[in-house]
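Participant: Dropping the structure in here first, questions after.
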Amino acid sequence: MLDEVSLLVGGKAGEGVRSTGYIIGRILNRHGLNVFIRDDYQSLIQGGHNFSQIRSSSKETWSHYEKVDLIAALDQKTIDLHEKELVSNGRVLFDSEEVKYCGSGKALSIPLLKMVEEIKGLKIMRNSALIGVVAYLYGLDLTKVNAVLTKIYREKAPKNLALAKKGYEYAEKNFDRIGEIKRIDRLPKPLLTGNQAIALGAVKAGLKVYIAYPMTPSTSILHYLAGHQDKLGLTVVQPENEIAVIIMALGASYAGARSMVASSGGGFALMQEAISMSGMTEVPLVIVECQRGGPSTGVATYTSQADLKFVVNAGHGDFPKVVVAPGDTEEAFYKTAEALNLAWKYQIPVIVLSDKHLSESYKTTSIDENNVSKEEVKMANGGGGYKRYELTEDGISPLAFPGTPEAVIKVNSYEHNPSGYAIDEPELINKMQEKRLRKYAQIAADLRSRETVKIYGEKDADNLIVSWGSAKGAVLEAMKLLKRKFKFLHVIYPKPFPVWEVEKHLDKVKNVISVECNSTGQFASLLREETGFLVNKKILKYDSRPFDPEDLANRIERVLE
Amino acid sequence: MKLELDTPAEKTWCRGCGDFGILTAVKRAIQELVDSGETRHENIVIASGIGCHNKIVDYINVNSFDVLHGRVPPIISGMKIANPNLKVIGFAGDGDAYNEGISHLVYSAKRNIDITMIIHDNEVFALTTGQATATSSLGFSTKAMPKGNIEVPLNPIHLMLTSGATFVARGFSFDIKHLTSLIKEAVKHHGFSFIDVLQPCKTYHDTTQFLRERIYYLNEKGHDTKDFRAAWERADEKERIPIGIFYKIERKTFEDQLLKGKIPAYEKEIPSINHVIEEHI
């Protein structure tokens, strides 16, 4: 019995590598197993080298692993590049007509293309035969393979099912099983990416208008919501550029529809003036920022956590805003819903900070739509004398939308009086600025009743790991590998920084190790700024790839030596 | 019923500014549009960008959004997408519309979203103390270009015609009666409507005399507003300056095709996502 498996599927872009990895993940997921899939692809349409790293286990699975027990190669390059990642008794599965292998791993050669020819299929269908072989190697049920293929390929399913069977039977005749994976008896859970979870979370908090311009790795939110717009009661628009995106969304919010936008670092940079305007005009908005390797165009299809300080400080001027950085797909769902609710309760911009690793990796996810709701907001009673920016004790002025009889709703990006007319007078500027900032105290109080940090590991450990965002997955896996005991503090809200929670954990520990995917330790710096606490051991990674749990565990050991 | 359209805000435009003419025309047009049952007071939203023109939102007692420089078309487009029952009217200067926000203007025309854009075109950045804009003439000398403007001016009517606008007009800020009727026609037009309003800037570019001597009504000589070629040619006239509706056609609007009768701002129901989650198992 195998407790967990790690495998890699590789080939050229256009050969269906990512969908093959995804289908294998879906099949494992159907067996009640937990799955994590990381897709590695380049910024090109055809050629190059793509691969999917799949990790599956009966236990919670937080990350891919670089080391794999099986490489499934659709081209030669996959073997050349990844053979070093094979465990000592690992196997290499390949199409005998296109790839040669005579390395140290066990060669599993299969005539995939010949199988396709036999049923007069298309070349890309060889992936289904490969899936059949993988299913046999791990002792998976062919019926579950067929169920997944049928669901995905629909009318094209018969040929794919035939090929999966051929692959399975060929493997049965010629190869030994790697082993059977230990299964768990439970209802299957969805296998979701962070971006899908973000999209669904927003919908459950009342999202009605989604506006975006394509930019990797945020584009899949646009595709997902556009593809599901009728099922989810949404209006989806793709305008001329990111500036139009965010301004249109603010127009939609002003008119009364909950709206959201998303981009990556560069597109988010173009939105700065409007984020500041959202703060000044008190028009609510959620902005999703999916980080990629930077700076500038950076490394478009890879990951990074180097926009933290930029996002925390987004928009010119002083105004209340919230930044929430989910660490996994479940948090992506719940925290995006929370982001929409906070934006509307406090009439502020809220930024959901993700990255390629969270946004595009798949994870078996437990979400319950009944745990999310559209929270109440302070609405005006209607009628005359409405003042959009009425001075209130809590700083929150009652909302009203255009179309309300007798209410005139004047919104202004210029400093304004409670009625919304432009002003320059110093006393009134102070009053209005203080009114907006009073909301900050309300937000901080509200967040005390929500989950702003998560604690893992041993409560009384001497060594504390601090991290944020998607680095969480590798940290949790690394902790499984480490002999020493650790406590792990994962901060979900970079702004307002949950000092009230974080400070509880900083006192009694000997070592504090920060783990993040950037080159300057931005989170450690934020922690210092917010708490005065100096992190003495930093583990950074900035090659635009996420942490590998084994490598991270080694690095944690090394910094403690 | 006489609407209360005045506001307590003090008017800070220069004496003799063309903006006063536009303000008067807009208020009259709003009154007449509400009187005729075209819309209701509470369903009108106006927006402005940055420049002298933007103060207009403070001078009219209707819903308003004073947005950022160049961003008037997307802010009112977003409102229209969320609630197509709103009548949205945007004001922008020539610098606002043709410099900073030109992409938005072009795209709004292209998608034929039912918004109205009224451009206060005085051929100069006035509020920033006089610099050349997209419509400033060749050789126009400013503090920023003391040797004169070395770019040729853009023709806004041509720009809008070529961008796919379905209502393209030109007005004059001191012909209030004519401008009022243009604004009413533009707001009533089902689709993207655009009025370039020629407007003297008393302080930095006083064209009052120049314009008064040259302006005449397009339909004086007869004009077919469905004829694209004729519209293009009339917009090329330089000796005399025609005002009126150059082009007006019907085309499906963006929001009609996008929303198909839906009003996102009124939708309160939260859908179940279970059937979507099911796709991922």
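By convention in this document, the chains of the structure tokens carry letters A, B, ... by their order, each chain's residues are numbered from 1, and ligands are numbered from 1 in the order they are shown.
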What's around Phe246 of chain B at 10 Å? Count only C-alpha atoms, leave out sequence neighbours fewer than 4 positions away in its own chain, and write the answer as a PyMOL selection string.
Facilitator: chain B and resi 157+161+167-170+195+218-219+223-228+230-235+242
Participant: Identify all residues of segment 10-68 of chain B in alpha helix (DSSP H) (DSSP on the backbone) and supply them as a list in words.
Facilitator: Gly18, Asp19, Phe20, Gly21, Ile22, Leu23, Thr24, Ala25, Val26, Lys27, Arg28, Ala29, Ile30, Gln31, Glu32, Leu33, Val34 and Asp35 of chain B
Participant: Residues of the last selection are to be written out with N, CA and C atoms, as an mmCIF file, in the first residue's frame.
Facilitator:
data_model
loop_
_atom_site.group_PDB
_atom_site.id
_atom_site.type_symbol
_atom_site.label_atom_id
_atom_site.label_comp_id
_atom_site.auth_asym_id
_atom_site.auth_seq_id
_atom_site.Cartn_x
_atom_site.Cartn_y
_atom_site.Cartn_z
ATOM 1 N N GLY B 18 -17.054 79.787 -21.592
ATOM 2 C CA GLY B 18 -18.010 78.996 -22.362
ATOM 3 C C GLY B 18 -18.722 77.942 -21.537
ATOM 4 N N ASP B 19 -18.125 77.555 -20.414
ATOM 5 C CA ASP B 19 -18.757 76.541 -19.566
ATOM 6 C C ASP B 19 -20.142 76.974 -19.086
ATOM 7 N N PHE B 20 -20.332 78.309 -18.917
ATOM 8 C CA PHE B 20 -21.638 78.798 -18.464
ATOM 9 C C PHE B 20 -22.719 78.454 -19.482
ATOM 10 N N GLY B 21 -22.370 78.613 -20.760
ATOM 11 C CA GLY B 21 -23.341 78.308 -21.822
ATOM 12 C C GLY B 21 -23.724 76.835 -21.799
ATOM 13 N N ILE B 22 -22.715 75.985 -21.617
ATOM 14 C CA ILE B 22 -22.973 74.530 -21.590
ATOM 15 C C ILE B 22 -23.845 74.189 -20.381
ATOM 16 N N LEU B 23 -23.519 74.797 -19.216
ATOM 17 C CA LEU B 23 -24.292 74.547 -17.995
ATOM 18 C C LEU B 23 -25.770 74.901 -18.207
ATOM 19 N N THR B 24 -26.003 76.058 -18.776
ATOM 20 C CA THR B 24 -27.393 76.487 -18.999
ATOM 21 C C THR B 24 -28.112 75.519 -19.937
ATOM 22 N N ALA B 25 -27.435 75.147 -21.013
ATOM 23 C CA ALA B 25 -28.048 74.239 -21.991
ATOM 24 C C ALA B 25 -28.360 72.883 -21.354
ATOM 25 N N VAL B 26 -27.451 72.384 -20.531
ATOM 26 C CA VAL B 26 -27.657 71.066 -19.908
ATOM 27 C C VAL B 26 -28.848 71.114 -18.958
ATOM 28 N N LYS B 27 -28.919 72.155 -18.158
ATOM 29 C CA LYS B 27 -30.031 72.246 -17.214
ATOM 30 C C LYS B 27 -31.367 72.334 -17.950
ATOM 31 N N ARG B 28 -31.384 73.103 -19.012
ATOM 32 C CA ARG B 28 -32.624 73.192 -19.795
ATOM 33 C C ARG B 28 -32.978 71.837 -20.402
ATOM 34 N N ALA B 29 -31.962 71.172 -20.915
ATOM 35 C CA ALA B 29 -32.207 69.867 -21.545
ATOM 36 C C ALA B 29 -32.740 68.863 -20.514
ATOM 37 N N ILE B 30 -32.146 68.869 -19.314
ATOM 38 C CA ILE B 30 -32.602 67.942 -18.268
ATOM 39 C C ILE B 30 -34.068 68.234 -17.926
ATOM 40 N N GLN B 31 -34.378 69.524 -17.745
ATOM 41 C CA GLN B 31 -35.763 69.896 -17.415
ATOM 42 C C GLN B 31 -36.713 69.377 -18.502
ATOM 43 N N GLU B 32 -36.347 69.611 -19.745
ATOM 44 C CA GLU B 32 -37.241 69.229 -20.846
ATOM 45 C C GLU B 32 -37.335 67.710 -20.992
ATOM 46 N N LEU B 33 -36.218 67.008 -20.747
ATOM 47 C CA LEU B 33 -36.241 65.535 -20.843
ATOM 48 C C LEU B 33 -37.129 64.931 -19.754
ATOM 49 N N VAL B 34 -37.099 65.532 -18.568
ATOM 50 C CA VAL B 34 -37.943 65.028 -17.480
ATOM 51 C C VAL B 34 -39.403 65.408 -17.766
ATOM 52 N N ASP B 35 -39.625 66.652 -18.226
ATOM 53 C CA ASP B 35 -40.986 67.114 -18.559
ATOM 54 C C ASP B 35 -41.639 66.217 -19.609
#
Participant: Could you tell me how far atom CA of Val35 of chain A sits from atom CA of Pro190 of chain A, in Å to one decimal place?
Facilitator: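 Taking atom CA of Pro190 of chain A as the start and atom CA of Val35 of chain A as the end point, the length is 10.0 Å.
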Participant: Would you give me, as a ChimeraX atom specification, the residues of chain A that come within 7 Å of chain B, using only C-alpha atoms?
Facilitator: /A:26,30,188-192,204,206,208,232,240,244,247-252,254-257,402-406,408-413,421
Participant: Env of Tyr168 of chain A: 12 Å cut, atoms = only C-alpha atoms, seq-sep filter 4 positions within chain, self excluded. Answer as a PyMOL selection string.
Facilitator: chain A and resi 110+112+115+128-143+145-146+161-164+172-177
Participant: Those residues you just picked out, can you put them in a file as a JSON list (two decimals), in the first residue's frame with C-alpha atoms?
Facilitator:
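Generated output (part_15.json):
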[["chain", "number", "residue", "atom", "x", "y", "z"],
["A", 110, "ILE", "CA", 4.43, 1.87, -24.56],
["A", 112, "LEU", "CA", 0.93, 5.06, -27.58],
["A", 115, "MET", "CA", -2.74, 2.48, -30.17],
["A", 128, "SER", "CA", -5.94, 8.82, -22.72],
["A", 129, "ALA", "CA", -3.92, 5.64, -23.30],
["A", 130, "LEU", "CA", -1.22, 7.09, -21.07],
["A", 131, "ILE", "CA", -3.85, 7.79, -18.42],
["A", 132, "GLY", "CA", -4.93, 4.14, -18.66],
["A", 133, "VAL", "CA", -1.35, 3.01, -18.01],
["A", 134, "VAL", "CA", -0.99, 5.35, -15.02],
["A", 135, "ALA", "CA", -4.29, 4.03, -13.63],
["A", 136, "TYR", "CA", -2.98, 0.46, -13.78],
["A", 137, "LEU", "CA", 0.37, 1.37, -12.22],
["A", 138, "TYR", "CA", -1.32, 2.86, -9.14],
["A", 139, "GLY", "CA", -4.11, 0.29, -8.89],
["A", 140, "LEU", "CA", -6.88, 2.71, -9.83],
["A", 141, "ASP", "CA", -10.32, 1.62, -11.04],
["A", 142, "LEU", "CA", -10.91, 1.74, -14.77],
["A", 143, "THR", "CA", -14.56, 2.58, -14.11],
["A", 145, "VAL", "CA", -11.12, 6.58, -15.20],
["A", 146, "ASN", "CA", -14.03, 6.16, -17.61],
["A", 161, "LEU", "CA", -12.33, 5.41, -23.32],
["A", 162, "ALA", "CA", -11.14, 2.82, -25.82],
["A", 163, "LEU", "CA", -7.60, 4.16, -25.58],
["A", 164, "ALA", "CA", -7.65, 4.27, -21.78],
["A", 172, "GLU", "CA", -1.46, -5.11, -17.06],
["A", 173, "LYS", "CA", 0.22, -7.48, -19.52],
["A", 174, "ASN", "CA", 3.69, -5.90, -19.52],
["A", 175, "PHE", "CA", 4.38, -4.01, -16.27],
["A", 176, "ASP", "CA", 4.30, -4.50, -12.52],
["A", 177, "ARG", "CA", 2.21, -2.15, -10.46]]
